[in-house]
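As structure tokens, the structure follows; a few thoughts come after it.
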Protein chains: 2
Amino acid sequence: MRITALDIIPIAFADPPLLNAAGVHEALALRTVLRLRVGDLVAWGEARGGAIPPEAVAAVRDAVVGLDVFATTLVERAVDEALRRTAPTLTRQGRLTAFSGIEVACLDAQGKILDVPVSTVLGGAVRDRVEFSAYLFFKWAGHLDSDDRWSDADEWGEALDADGIVAQARVLVDRYGFDSIKLKAGALDPDLEAGAIEALAQEFPGLPLRIDPNGAWTHETAVRIARRLDGLLEYYEDPVLGIDGMSRLHAETGLPLATNMCVVETDHLKEASEKDAVQIVLSDHHYWGGLRRTKDLAAVCEALGMGVSMHSNSHLGISLAAMTHVAAAIPNVAYACDTHYPWNRLDDVVRPGVLEIVDGSVAVPTGVGLGVEVDEEKVSELHERFVRSGRSVRDDGGYMRRRHPDFTDALPRF
Amino acid sequence: MRITALDIIPIAFADPPLLNAAGVHEALALRTVLRLRVGDLVAWGEARGGAIPPEAVAAVRDAVVGLDVFATTLVERAVDEALRRTAPTLTRQGRLTAFSGIEVACLDAQGKILDVPVSTVLGGAVRDRVEFSAYLFFKWAGHLDSDDRWSDADEWGEALDADGIVAQARVLVDRYGFDSIKLKAGALDPDLEAGAIEALAQEFPGLPLRIDPNGAWTHETAVRIARRLDGLLEYYEDPVLGIDGMSRLHAETGLPLATNMCVVETDHLKEASEKDAVQIVLSDHHYWGGLRRTKDLAAVCEALGMGVSMHSNSHLGISLAAMTHVAAAIPNVAYACDTHYPWNRLDDVVRPGVLEIVDGSVAVPTGVGLGVEVDEEKVSELHERFVRSGRSVRDDGGYMRRRHPDFTDALPRF
């Protein structure tokens, strides 16, 4: 059961102009599709855009081909060695990011070989459905065209105040049945953002609410907003930067803090625990090194008495399937996970049908492997779009500066 | 790939009279063999004696049959629920101990279904051979017979002083090529035991040495012996009891401390780390809950900056194979593992050939599953011996009291 081929395919897909601390999402999000073959069998993974640097693509492919698709530790080592050689500036986290999508493809292949879902390969699904939260964003009405004029508004319209956020939440909750809500903050005035949380609490009484300023706030602002929102938040995600900052904030407010910013590597866990900086780690298999390493992370969180849930970036269905399988296989995932899928699903490479968000949750796919069918023509189309775009990196800040030339993404900002 | 049958087979096999802090090994060691079937396929696991209490055997078997042999998390849950119902006094660790051998059998089955070794199922072997250390014991010349007279001496003879220990080490090192040595202590006078370490250091210059008093020493004794053995020990294993005791000892001596006594559950890891009580965790898949949970433990140790190696109890070849596969699949196993195998191998249920200790290490079996062939007749023979023995628990202290009526296994003793 040797890997016989690996194609590393950069793609670009439509993304709405979502605001965040770094700027605003460009019209195209970048991502990497991994197509792995074991003889006639085709398996799929999805990774961050640029996860495997162009100069390393051939070496990574050559290192992986010929390995046993079940020996993922050895695949990881081979990828790591290829990257150290061909992309020496990558950090360890960068190398794990490069490996992650390949690991997902290996697990998809394993499930297909075994005729079982990936959740079973991971030890078995302890739940039939995985809960996700509504992910709200302040946003522009539409994208800028090449002359910096407005294109048409998208179906979601503008959301630059509490009313816009409540209207957006209403659509998401009505359409997908979400039972919890996360607001991406750090983009506008903190009091305006806190006001949006208050409006959500009024409009959706009882629904758990979260706010994520992505480290854009000073300690003083984070404390002030914590007091203002006292009793309204399920958890407070990355209001300030760094383990020490989070530790100080937790000591002062007592609020449970979640992170996908200050604990992003194994080496951060001990310090975060000792300083009681983080109560919930938002895992992300795209940079923790795949689904098995996400399970490892959950084991560490269990040992340290930390909660665990899941972070998201703009992604397509291969990743949603992977996230659903691994969340189903981890007993201590006790919070609804994040997903951008409602913002990106119309440009998906996965054929519709399996990945539906209903009652705020996704049924764990029961088909073999990831349990989703990938549309190869759509992959080609999105790859061509990537090539035509001429882009290779995500630049939220540069895009924001086309409209607001003084914008800076230095943090903290407020 | 559903589990179609599970046989839980208690066995008894020959064990030499090895001394330890709890007393002395009886003439028969007790163990549990698990025979698991997936259709025509037969797979094997090995667990502690009495791991699955007799009153729970039927419930555990019924809970497991019908489950997917790949969904080990679900198998663990089913075993856990069956035990909560039928053996409610078992602790969580007791339930994990009951599950462990079943998990090994599931992994053996997985490897056989996939036509790969268990090490590959676990992500792949990062080494071809796994190092073990020579495991020395003070011991009687032979066993007592039923009238408390001496039976014949065994081939190892008596070892009750430094000379006896050095002679034993010489045989073990010559026969198996061990490159490190562990002395089980806590049985005799601490200074006699320390003297044996000094004699070993003289006889085997450069070989890493370890001493394991199993918590039999007071803080003062442990400090005194630490100073006496300064510079001679690779690590100091469980000289004193408890996380607080180990923490105090490490603070005072600076010696790296290993344990299989004060960190034996996930819940102990955080405290042990925060108190800097343990520098090396000796994992044991027989009570940590199987090979995958041993990998989880290694991930936690990595995150906490702790070393990891492997503890042993009297065992046969099924367990040696399992230990070898999992140690091969864990990158951060950086010490030679413990094994009792040289003491018990002549009464093994595994046919000879695969599991040879050469140059102090065991080649990771390359056959499918655990890669060993189990002699079913030998299993039946050892089961009959178990039944005839009328025994159900290990009683090192009771056996010691037949010769030394005043013996007490209360700790610390010295």
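Letters A, B, ... mark the chains of the structure tokens in the order given; residue numbers begin at 1 per chain; ligand numbers begin at 1, in order shown.
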
| task | Write out as a PyMOL selection string all residues of segment 179-379 of chain A that DSSP puts in strand (DSSP E or B) for this structure's backbone. | result | chain A and resi 181-184+209-212+233-237+257-259+280-283+307-310+333+337+350+357-358+361-363+369+374

Store the residues of this selection in a file with N, CA, C and O atoms, as a compact mmCIF listing (two decimals), in the first residue's frame.
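Generated output (again-v6.txt):
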```txt
# COMPACT_ATOMS: atom_id res chain seq x y z
N ILE A 181 -22.75 31.33 18.53
CA ILE A 181 -22.36 32.41 17.62
C ILE A 181 -20.99 32.94 18.02
O ILE A 181 -20.73 33.20 19.19
N LYS A 182 -20.14 33.09 17.00
CA LYS A 182 -18.85 33.73 17.22
C LYS A 182 -18.76 34.99 16.36
O LYS A 182 -19.10 34.96 15.17
N LEU A 183 -18.30 36.08 16.94
CA LEU A 183 -18.10 37.32 16.20
C LEU A 183 -16.61 37.59 16.04
O LEU A 183 -15.88 37.69 17.03
N LYS A 184 -16.17 37.69 14.79
CA LYS A 184 -14.79 38.11 14.53
C LYS A 184 -14.72 39.61 14.80
O LYS A 184 -15.45 40.41 14.19
N LEU A 209 -22.27 32.92 23.14
CA LEU A 209 -21.65 33.95 22.29
C LEU A 209 -20.16 34.02 22.56
O LEU A 209 -19.71 33.86 23.69
N ARG A 210 -19.40 34.27 21.50
CA ARG A 210 -17.94 34.42 21.63
C ARG A 210 -17.50 35.62 20.81
O ARG A 210 -18.11 35.92 19.78
N ILE A 211 -16.43 36.24 21.23
CA ILE A 211 -15.86 37.36 20.47
C ILE A 211 -14.36 37.13 20.32
O ILE A 211 -13.71 36.65 21.24
N ASP A 212 -13.85 37.42 19.13
CA ASP A 212 -12.45 37.09 18.81
C ASP A 212 -11.76 38.28 18.17
O ASP A 212 -11.79 38.44 16.96
N LEU A 233 -20.56 36.08 27.62
CA LEU A 233 -19.64 35.32 26.77
C LEU A 233 -19.45 33.88 27.24
O LEU A 233 -19.22 33.63 28.42
N GLU A 234 -19.50 32.95 26.28
CA GLU A 234 -19.15 31.55 26.57
C GLU A 234 -17.64 31.47 26.82
O GLU A 234 -17.18 30.84 27.75
N TYR A 235 -16.86 32.08 25.92
CA TYR A 235 -15.44 32.29 26.17
C TYR A 235 -14.98 33.52 25.39
O TYR A 235 -15.70 34.02 24.51
N TYR A 236 -13.78 33.95 25.74
CA TYR A 236 -13.22 35.21 25.22
C TYR A 236 -11.99 34.78 24.42
O TYR A 236 -11.04 34.23 24.99
N GLU A 237 -12.02 34.97 23.09
CA GLU A 237 -10.97 34.39 22.25
C GLU A 237 -9.92 35.43 21.89
O GLU A 237 -10.22 36.42 21.22
N LEU A 257 -10.54 31.92 28.63
CA LEU A 257 -9.92 32.45 27.41
C LEU A 257 -9.61 31.31 26.44
O LEU A 257 -9.11 30.26 26.85
N ALA A 258 -9.92 31.54 25.18
CA ALA A 258 -9.60 30.58 24.13
C ALA A 258 -8.54 31.18 23.23
O ALA A 258 -8.40 32.41 23.15
N THR A 259 -7.79 30.31 22.55
CA THR A 259 -6.75 30.84 21.67
C THR A 259 -6.50 29.96 20.46
O THR A 259 -6.61 28.74 20.53
N ILE A 280 -9.14 27.18 26.85
CA ILE A 280 -9.61 26.39 25.72
C ILE A 280 -8.62 26.57 24.55
O ILE A 280 -8.41 27.69 24.08
N VAL A 281 -8.04 25.48 24.09
CA VAL A 281 -7.16 25.54 22.93
C VAL A 281 -8.00 25.27 21.68
O VAL A 281 -8.70 24.26 21.60
N LEU A 282 -7.94 26.20 20.73
CA LEU A 282 -8.63 25.99 19.47
C LEU A 282 -7.64 25.33 18.52
O LEU A 282 -6.73 25.97 17.98
N SER A 283 -7.81 24.04 18.35
CA SER A 283 -6.89 23.29 17.50
C SER A 283 -7.18 23.61 16.04
O SER A 283 -8.26 24.09 15.69
N GLY A 307 -9.76 22.86 27.93
CA GLY A 307 -10.75 22.48 26.95
C GLY A 307 -10.16 22.51 25.56
O GLY A 307 -9.08 23.07 25.33
N VAL A 308 -10.85 21.88 24.62
CA VAL A 308 -10.35 21.88 23.25
C VAL A 308 -11.52 22.06 22.28
O VAL A 308 -12.60 21.51 22.47
N SER A 309 -11.31 22.92 21.30
CA SER A 309 -12.27 23.05 20.21
C SER A 309 -11.49 23.34 18.93
O SER A 309 -10.29 23.02 18.88
N MET A 310 -12.11 23.90 17.94
CA MET A 310 -11.45 23.93 16.65
C MET A 310 -11.54 25.28 15.96
O MET A 310 -12.62 25.86 15.86
N VAL A 333 -13.75 17.16 22.73
CA VAL A 333 -14.20 18.37 22.02
C VAL A 333 -15.58 18.73 22.60
O VAL A 333 -16.54 18.01 22.38
N CYS A 337 -17.45 23.91 17.05
CA CYS A 337 -16.23 24.29 16.33
C CYS A 337 -16.48 25.49 15.42
O CYS A 337 -17.61 25.75 15.02
N VAL A 350 -15.94 20.07 -3.45
CA VAL A 350 -16.67 18.85 -3.06
C VAL A 350 -18.08 18.93 -3.62
O VAL A 350 -18.74 19.97 -3.55
N ILE A 357 -24.89 21.70 6.74
CA ILE A 357 -25.02 22.15 8.13
C ILE A 357 -26.51 22.24 8.44
O ILE A 357 -27.22 23.06 7.87
N VAL A 358 -26.96 21.37 9.33
CA VAL A 358 -28.38 21.30 9.69
C VAL A 358 -28.45 21.31 11.22
O VAL A 358 -27.68 20.62 11.89
N SER A 361 -25.14 21.63 12.98
CA SER A 361 -24.14 20.57 13.02
C SER A 361 -24.03 19.86 11.68
O SER A 361 -24.93 19.93 10.84
N VAL A 362 -22.91 19.19 11.50
CA VAL A 362 -22.66 18.42 10.29
C VAL A 362 -22.64 16.94 10.67
O VAL A 362 -21.95 16.55 11.62
N ALA A 363 -23.42 16.14 9.95
CA ALA A 363 -23.39 14.70 10.19
C ALA A 363 -22.01 14.16 9.80
O ALA A 363 -21.48 14.53 8.74
N GLY A 369 -13.37 6.70 3.68
CA GLY A 369 -12.41 7.80 3.71
C GLY A 369 -13.06 9.05 4.26
O GLY A 369 -13.82 8.99 5.23
N VAL A 374 -14.91 14.47 -4.65
CA VAL A 374 -14.26 15.68 -5.15
C VAL A 374 -14.47 15.79 -6.66
O VAL A 374 -14.31 14.81 -7.40
```

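Within the 6 Å cut-off around Pro117 of chain B, using only C-alpha atoms and omitting residues fewer than 6 positions from it on the same chain, the listed residues are Gly111, Thr366, Gly367, Val368 and Gly369 of chain B.
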
Same residues, all heavy atoms, saved as a PDB file, in the first residue's frame:
```pdb
ATOM      1  N   GLY B 111      -3.433  -4.899  11.869  1.00  0.00           N
ATOM      2  CA  GLY B 111      -2.243  -5.159  11.077  1.00  0.00           C
ATOM      3  C   GLY B 111      -2.443  -6.367  10.162  1.00  0.00           C
ATOM      4  O   GLY B 111      -2.019  -6.352   8.998  1.00  0.00           O
ATOM      5  N   THR B 366       8.623  -7.694  11.624  1.00  0.00           N
ATOM      6  CA  THR B 366       8.207  -7.192  10.306  1.00  0.00           C
ATOM      7  C   THR B 366       7.038  -7.981   9.727  1.00  0.00           C
ATOM      8  O   THR B 366       6.525  -7.625   8.667  1.00  0.00           O
ATOM      9  CB  THR B 366       9.393  -7.258   9.326  1.00  0.00           C
ATOM     10  OG1 THR B 366       9.902  -8.592   9.345  1.00  0.00           O
ATOM     11  CG2 THR B 366      10.494  -6.289   9.725  1.00  0.00           C
ATOM     12  N   GLY B 367       6.629  -9.045  10.423  1.00  0.00           N
ATOM     13  CA  GLY B 367       5.451  -9.786   9.966  1.00  0.00           C
ATOM     14  C   GLY B 367       4.182  -8.976  10.180  1.00  0.00           C
ATOM     15  O   GLY B 367       4.206  -7.891  10.763  1.00  0.00           O
ATOM     16  N   VAL B 368       3.065  -9.491   9.726  1.00  0.00           N
ATOM     17  CA  VAL B 368       1.807  -8.742   9.854  1.00  0.00           C
ATOM     18  C   VAL B 368       1.349  -8.737  11.308  1.00  0.00           C
ATOM     19  O   VAL B 368       1.629  -9.645  12.079  1.00  0.00           O
ATOM     20  CB  VAL B 368       0.709  -9.327   8.943  1.00  0.00           C
ATOM     21  CG1 VAL B 368       1.148  -9.234   7.492  1.00  0.00           C
ATOM     22  CG2 VAL B 368       0.376 -10.767   9.322  1.00  0.00           C
ATOM     23  N   GLY B 369       0.627  -7.692  11.679  1.00  0.00           N
ATOM     24  CA  GLY B 369       0.126  -7.554  13.048  1.00  0.00           C
ATOM     25  C   GLY B 369       1.290  -7.457  14.012  1.00  0.00           C
ATOM     26  O   GLY B 369       2.281  -6.778  13.751  1.00  0.00           O
TER      27      GLY B 369
END
```

Using 6 Å as the limit and counting only C-alpha atoms, can you tabulate each residue of chain B that touches chain A, with its shortest atom-to-atom distance in Å and the two atoms involved, as a Markdown table?
```
| residue | atom | partner | partner_atom | distance |
| --- | --- | --- | --- | --- |
| B:Ala71 | CA | A:Gly124 | CA | 4.2 |
| B:Thr72 | CA | A:Gly123 | CA | 4.8 |
| B:Thr73 | CA | A:Gly123 | CA | 4.7 |
| B:Leu74 | CA | A:Gly124 | CA | 5.8 |
| B:Thr120 | CA | A:Ala71 | CA | 5.0 |
| B:Gly123 | CA | A:Ala71 | CA | 4.2 |
| B:Gly124 | CA | A:Ala71 | CA | 4.2 |
| B:Thr266 | CA | A:Ala303 | CA | 5.3 |
| B:Asp267 | CA | A:Ala303 | CA | 5.9 |
| B:Lys270 | CA | A:Leu304 | CA | 5.4 |
| B:Asp296 | CA | A:Asp296 | CA | 5.6 |
| B:Ala299 | CA | A:Asp296 | CA | 6.0 |
| B:Val300 | CA | A:Val300 | CA | 4.9 |
| B:Ala303 | CA | A:Thr266 | CA | 5.3 |
| B:Leu304 | CA | A:Lys270 | CA | 5.4 |
```

| All residues 8 Å or closer to Ser247 of chain A, only C-alpha atoms, same chain fewer than 5 positions away omitted, as a list in words |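 Those residues are Ala272, Lys275, Asp276, Ala277 and Val278 of chain A.
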
Restricted to all heavy atoms, what would the selected residues look like written as a PDB file, in the first residue's frame?
```pdb
ATOM      1  N   ALA A 272       1.693  27.804  28.764  1.00  0.00           N
ATOM      2  CA  ALA A 272       0.317  28.310  28.843  1.00  0.00           C
ATOM      3  C   ALA A 272      -0.412  27.705  30.035  1.00  0.00           C
ATOM      4  O   ALA A 272      -1.195  28.379  30.715  1.00  0.00           O
ATOM      5  CB  ALA A 272      -0.431  28.008  27.549  1.00  0.00           C
ATOM      6  N   LYS A 275       1.032  29.139  33.404  1.00  0.00           N
ATOM      7  CA  LYS A 275       0.632  30.524  33.641  1.00  0.00           C
ATOM      8  C   LYS A 275      -0.886  30.698  33.629  1.00  0.00           C
ATOM      9  O   LYS A 275      -1.380  31.817  33.726  1.00  0.00           O
ATOM     10  CB  LYS A 275       1.281  31.437  32.595  1.00  0.00           C
ATOM     11  CG  LYS A 275       2.812  31.457  32.726  1.00  0.00           C
ATOM     12  CD  LYS A 275       3.480  32.388  31.736  1.00  0.00           C
ATOM     13  CE  LYS A 275       4.982  32.486  32.044  1.00  0.00           C
ATOM     14  NZ  LYS A 275       5.712  33.209  30.978  1.00  0.00           N
ATOM     15  N   ASP A 276      -1.601  29.591  33.486  1.00  0.00           N
ATOM     16  CA  ASP A 276      -3.073  29.613  33.417  1.00  0.00           C
ATOM     17  C   ASP A 276      -3.542  30.694  32.439  1.00  0.00           C
ATOM     18  O   ASP A 276      -4.410  31.506  32.743  1.00  0.00           O
ATOM     19  CB  ASP A 276      -3.671  29.838  34.819  1.00  0.00           C
ATOM     20  CG  ASP A 276      -5.115  29.359  34.894  1.00  0.00           C
ATOM     21  OD1 ASP A 276      -5.580  28.699  33.946  1.00  0.00           O
ATOM     22  OD2 ASP A 276      -5.785  29.651  35.898  1.00  0.00           O
ATOM     23  N   ALA A 277      -2.930  30.668  31.267  1.00  0.00           N
ATOM     24  CA  ALA A 277      -3.179  31.706  30.265  1.00  0.00           C
ATOM     25  C   ALA A 277      -4.351  31.360  29.363  1.00  0.00           C
ATOM     26  O   ALA A 277      -4.985  32.243  28.801  1.00  0.00           O
ATOM     27  CB  ALA A 277      -1.929  31.903  29.411  1.00  0.00           C
ATOM     28  N   VAL A 278      -4.626  30.071  29.200  1.00  0.00           N
ATOM     29  CA  VAL A 278      -5.581  29.617  28.188  1.00  0.00           C
ATOM     30  C   VAL A 278      -6.427  28.497  28.781  1.00  0.00           C
ATOM     31  O   VAL A 278      -5.882  27.532  29.318  1.00  0.00           O
ATOM     32  CB  VAL A 278      -4.818  29.087  26.954  1.00  0.00           C
ATOM     33  CG1 VAL A 278      -5.769  28.407  25.983  1.00  0.00           C
ATOM     34  CG2 VAL A 278      -4.073  30.236  26.277  1.00  0.00           C
TER      35      VAL A 278
END
```

| field | Contacts of Ala321 of chain A at 9 Å (only C-alpha atoms; same-chain gap of 6+ positions) as number ranges by chain | value | A: 354-355, 362, 364-365, 370-372

With N, CA, C and O atoms retained, write the just-selected residues as a PDB file, in the first residue's frame.
```pdb
ATOM      1  N   VAL A 354     -23.246  15.714   0.910  1.00  0.00           N
ATOM      2  CA  VAL A 354     -22.829  15.111   2.187  1.00  0.00           C
ATOM      3  C   VAL A 354     -22.663  16.156   3.284  1.00  0.00           C
ATOM      4  O   VAL A 354     -23.094  15.953   4.419  1.00  0.00           O
ATOM      5  N   LEU A 355     -22.037  17.279   2.924  1.00  0.00           N
ATOM      6  CA  LEU A 355     -21.665  18.259   3.951  1.00  0.00           C
ATOM      7  C   LEU A 355     -22.732  19.335   4.090  1.00  0.00           C
ATOM      8  O   LEU A 355     -22.603  20.435   3.552  1.00  0.00           O
ATOM      9  N   VAL A 362     -22.912  19.190  11.503  1.00  0.00           N
ATOM     10  CA  VAL A 362     -22.656  18.417  10.287  1.00  0.00           C
ATOM     11  C   VAL A 362     -22.641  16.941  10.667  1.00  0.00           C
ATOM     12  O   VAL A 362     -21.946  16.549  11.619  1.00  0.00           O
ATOM     13  N   VAL A 364     -21.432  13.332  10.638  1.00  0.00           N
ATOM     14  CA  VAL A 364     -20.135  12.750  10.308  1.00  0.00           C
ATOM     15  C   VAL A 364     -20.321  11.870   9.074  1.00  0.00           C
ATOM     16  O   VAL A 364     -21.144  10.956   9.080  1.00  0.00           O
ATOM     17  N   PRO A 365     -19.567  12.175   7.997  1.00  0.00           N
ATOM     18  CA  PRO A 365     -19.771  11.401   6.772  1.00  0.00           C
ATOM     19  C   PRO A 365     -19.568   9.907   7.022  1.00  0.00           C
ATOM     20  O   PRO A 365     -18.625   9.506   7.714  1.00  0.00           O
ATOM     21  N   LEU A 370     -12.766  10.194   3.654  1.00  0.00           N
ATOM     22  CA  LEU A 370     -13.402  11.433   4.097  1.00  0.00           C
ATOM     23  C   LEU A 370     -14.898  11.426   3.819  1.00  0.00           C
ATOM     24  O   LEU A 370     -15.638  12.231   4.370  1.00  0.00           O
ATOM     25  N   GLY A 371     -15.324  10.547   2.916  1.00  0.00           N
ATOM     26  CA  GLY A 371     -16.754  10.405   2.664  1.00  0.00           C
ATOM     27  C   GLY A 371     -17.335  11.466   1.760  1.00  0.00           C
ATOM     28  O   GLY A 371     -18.551  11.636   1.706  1.00  0.00           O
ATOM     29  N   VAL A 372     -16.455  12.196   1.065  1.00  0.00           N
ATOM     30  CA  VAL A 372     -16.941  13.225   0.142  1.00  0.00           C
ATOM     31  C   VAL A 372     -16.395  12.941  -1.262  1.00  0.00           C
ATOM     32  O   VAL A 372     -15.351  12.307  -1.420  1.00  0.00           O
TER      33      VAL A 372
END
```

| request: Enter the distance from atom CA of Trp44 of chain B to atom CA of Leu107 of chain B, in Å, rounded to one decimal. | output: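 So the answer is 8.9 Å.
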
| field | For Ala63 of chain B: contacts at 12 Å, only C-alpha atoms, fewer than 6 positions along chain excluded, given as a VMD selection string | value | chain B and resid 3 to 6 56 to 57 74 to 83 85 to 86 99 102

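Comparing A:Gly101, A:Gly164, A:Pro405, A:Pro352 by their smallest distance to Gly290 of chain A, the closest is A:Gly101 (using only C-alpha atoms).
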
| said: Residues of segment 28-236 of chain B classed as helix (DSSP H, G or I) by DSSP on the backbone are to be reported as a PyMOL selection string. | reply: chain B and resi 54-64+72-86+92-114+118-121+162-176+190-203+219-228

Would you mind exporting C-alpha atoms of the selected residues as an mmCIF file, in the first residue's frame?
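Result saved to result-v1.cif:
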```cif
data_model
loop_
_atom_site.group_PDB
_atom_site.id
_atom_site.type_symbol
_atom_site.label_atom_id
_atom_site.label_comp_id
_atom_site.auth_asym_id
_atom_site.auth_seq_id
_atom_site.Cartn_x
_atom_site.Cartn_y
_atom_site.Cartn_z
ATOM 1 C CA PRO B 54 -14.147 -12.762 36.454
ATOM 2 C CA GLU B 55 -17.539 -11.230 37.164
ATOM 3 C CA ALA B 56 -17.080 -8.850 34.223
ATOM 4 C CA VAL B 57 -15.761 -11.287 31.623
ATOM 5 C CA ALA B 58 -19.085 -12.100 29.974
ATOM 6 C CA ALA B 59 -20.197 -8.458 29.886
ATOM 7 C CA VAL B 60 -16.899 -7.274 28.418
ATOM 8 C CA ARG B 61 -16.975 -9.952 25.758
ATOM 9 C CA ASP B 62 -20.554 -9.165 24.805
ATOM 10 C CA ALA B 63 -19.793 -5.442 24.690
ATOM 11 C CA VAL B 64 -16.883 -5.893 22.311
ATOM 12 C CA THR B 72 -10.704 1.310 19.253
ATOM 13 C CA THR B 73 -12.052 4.428 20.945
ATOM 14 C CA LEU B 74 -15.496 2.886 20.712
ATOM 15 C CA VAL B 75 -14.183 -0.480 21.910
ATOM 16 C CA GLU B 76 -12.657 1.314 24.912
ATOM 17 C CA ARG B 77 -15.966 3.014 25.639
ATOM 18 C CA ALA B 78 -17.875 -0.254 25.399
ATOM 19 C CA VAL B 79 -15.436 -1.998 27.753
ATOM 20 C CA ASP B 80 -15.603 0.950 30.134
ATOM 21 C CA GLU B 81 -19.402 0.838 30.254
ATOM 22 C CA ALA B 82 -19.501 -2.935 30.724
ATOM 23 C CA LEU B 83 -17.060 -2.664 33.621
ATOM 24 C CA ARG B 84 -18.892 0.205 35.306
ATOM 25 C CA ARG B 85 -21.969 -2.031 35.308
ATOM 26 C CA THR B 86 -20.428 -5.344 36.327
ATOM 27 C CA ARG B 92 -10.706 4.384 35.892
ATOM 28 C CA GLN B 93 -7.172 3.004 35.810
ATOM 29 C CA GLY B 94 -8.572 -0.448 36.483
ATOM 30 C CA ARG B 95 -10.909 -0.091 33.534
ATOM 31 C CA LEU B 96 -8.057 1.075 31.296
ATOM 32 C CA THR B 97 -6.029 -1.935 32.487
ATOM 33 C CA ALA B 98 -8.891 -4.202 31.445
ATOM 34 C CA PHE B 99 -9.080 -2.550 28.033
ATOM 35 C CA SER B 100 -5.348 -2.544 27.302
ATOM 36 C CA GLY B 101 -4.925 -6.144 26.185
ATOM 37 C CA ILE B 102 -8.081 -5.957 24.111
ATOM 38 C CA GLU B 103 -6.703 -2.907 22.340
ATOM 39 C CA VAL B 104 -3.493 -4.751 21.560
ATOM 40 C CA ALA B 105 -5.541 -7.583 20.066
ATOM 41 C CA CYS B 106 -7.493 -5.048 17.984
ATOM 42 C CA LEU B 107 -4.228 -3.587 16.664
ATOM 43 C CA ASP B 108 -2.906 -7.087 15.912
ATOM 44 C CA ALA B 109 -6.096 -7.683 13.943
ATOM 45 C CA GLN B 110 -5.770 -4.340 12.152
ATOM 46 C CA GLY B 111 -2.243 -5.159 11.077
ATOM 47 C CA LYS B 112 -3.310 -8.582 9.874
ATOM 48 C CA ILE B 113 -6.210 -7.136 7.909
ATOM 49 C CA LEU B 114 -3.946 -4.493 6.368
ATOM 50 C CA VAL B 118 1.430 -3.053 14.179
ATOM 51 C CA SER B 119 4.214 -0.456 14.131
ATOM 52 C CA THR B 120 2.875 0.690 10.761
ATOM 53 C CA VAL B 121 -0.695 0.837 12.111
ATOM 54 C CA ALA B 162 26.783 -7.343 45.163
ATOM 55 C CA ASP B 163 28.711 -10.349 43.906
ATOM 56 C CA GLY B 164 25.498 -12.202 43.077
ATOM 57 C CA ILE B 165 24.172 -9.161 41.217
ATOM 58 C CA VAL B 166 27.368 -8.716 39.224
ATOM 59 C CA ALA B 167 27.350 -12.413 38.299
ATOM 60 C CA GLN B 168 23.709 -12.135 37.196
ATOM 61 C CA ALA B 169 24.515 -9.040 35.155
ATOM 62 C CA ARG B 170 27.432 -10.813 33.526
ATOM 63 C CA VAL B 171 25.164 -13.618 32.321
ATOM 64 C CA LEU B 172 22.506 -11.209 31.070
ATOM 65 C CA VAL B 173 24.997 -8.948 29.311
ATOM 66 C CA ASP B 174 26.894 -11.841 27.748
ATOM 67 C CA ARG B 175 23.740 -13.618 26.628
ATOM 68 C CA TYR B 176 21.739 -10.642 25.361
ATOM 69 C CA PRO B 190 19.850 0.262 50.902
ATOM 70 C CA ASP B 191 23.588 0.397 51.380
ATOM 71 C CA LEU B 192 23.945 -3.182 50.205
ATOM 72 C CA GLU B 193 21.879 -2.245 47.159
ATOM 73 C CA ALA B 194 23.951 0.882 46.529
ATOM 74 C CA GLY B 195 27.060 -1.245 46.864
ATOM 75 C CA ALA B 196 25.728 -3.475 44.113
ATOM 76 C CA ILE B 197 25.427 -0.432 41.838
ATOM 77 C CA GLU B 198 29.016 0.527 42.633
ATOM 78 C CA ALA B 199 30.153 -3.013 41.847
ATOM 79 C CA LEU B 200 28.244 -2.906 38.552
ATOM 80 C CA ALA B 201 29.869 0.416 37.690
ATOM 81 C CA GLN B 202 33.246 -1.163 38.240
ATOM 82 C CA GLU B 203 32.467 -4.327 36.303
ATOM 83 C CA HIS B 219 13.610 10.949 51.823
ATOM 84 C CA GLU B 220 16.703 10.848 54.013
ATOM 85 C CA THR B 221 17.761 7.430 52.739
ATOM 86 C CA ALA B 222 17.116 8.454 49.139
ATOM 87 C CA VAL B 223 19.221 11.598 49.552
ATOM 88 C CA ARG B 224 22.020 9.693 51.227
ATOM 89 C CA ILE B 225 22.109 7.016 48.506
ATOM 90 C CA ALA B 226 21.874 9.679 45.801
ATOM 91 C CA ARG B 227 25.026 11.295 47.168
ATOM 92 C CA ARG B 228 26.736 7.933 47.471
#
```

| Taking only C-alpha atoms into account, which of B:Trp217, B:Phe13, B:Tyr335, B:Trp343 comes nearest Asp189 of chain B? |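 Smallest separation from Asp189 of chain B among the options: B:Trp217.
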
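Shortest separation to Val42 of chain B among B:Glu376, B:Glu158, B:Phe407, B:Tyr399 occurs at residue B:Glu376, atoms counted being only C-alpha atoms.
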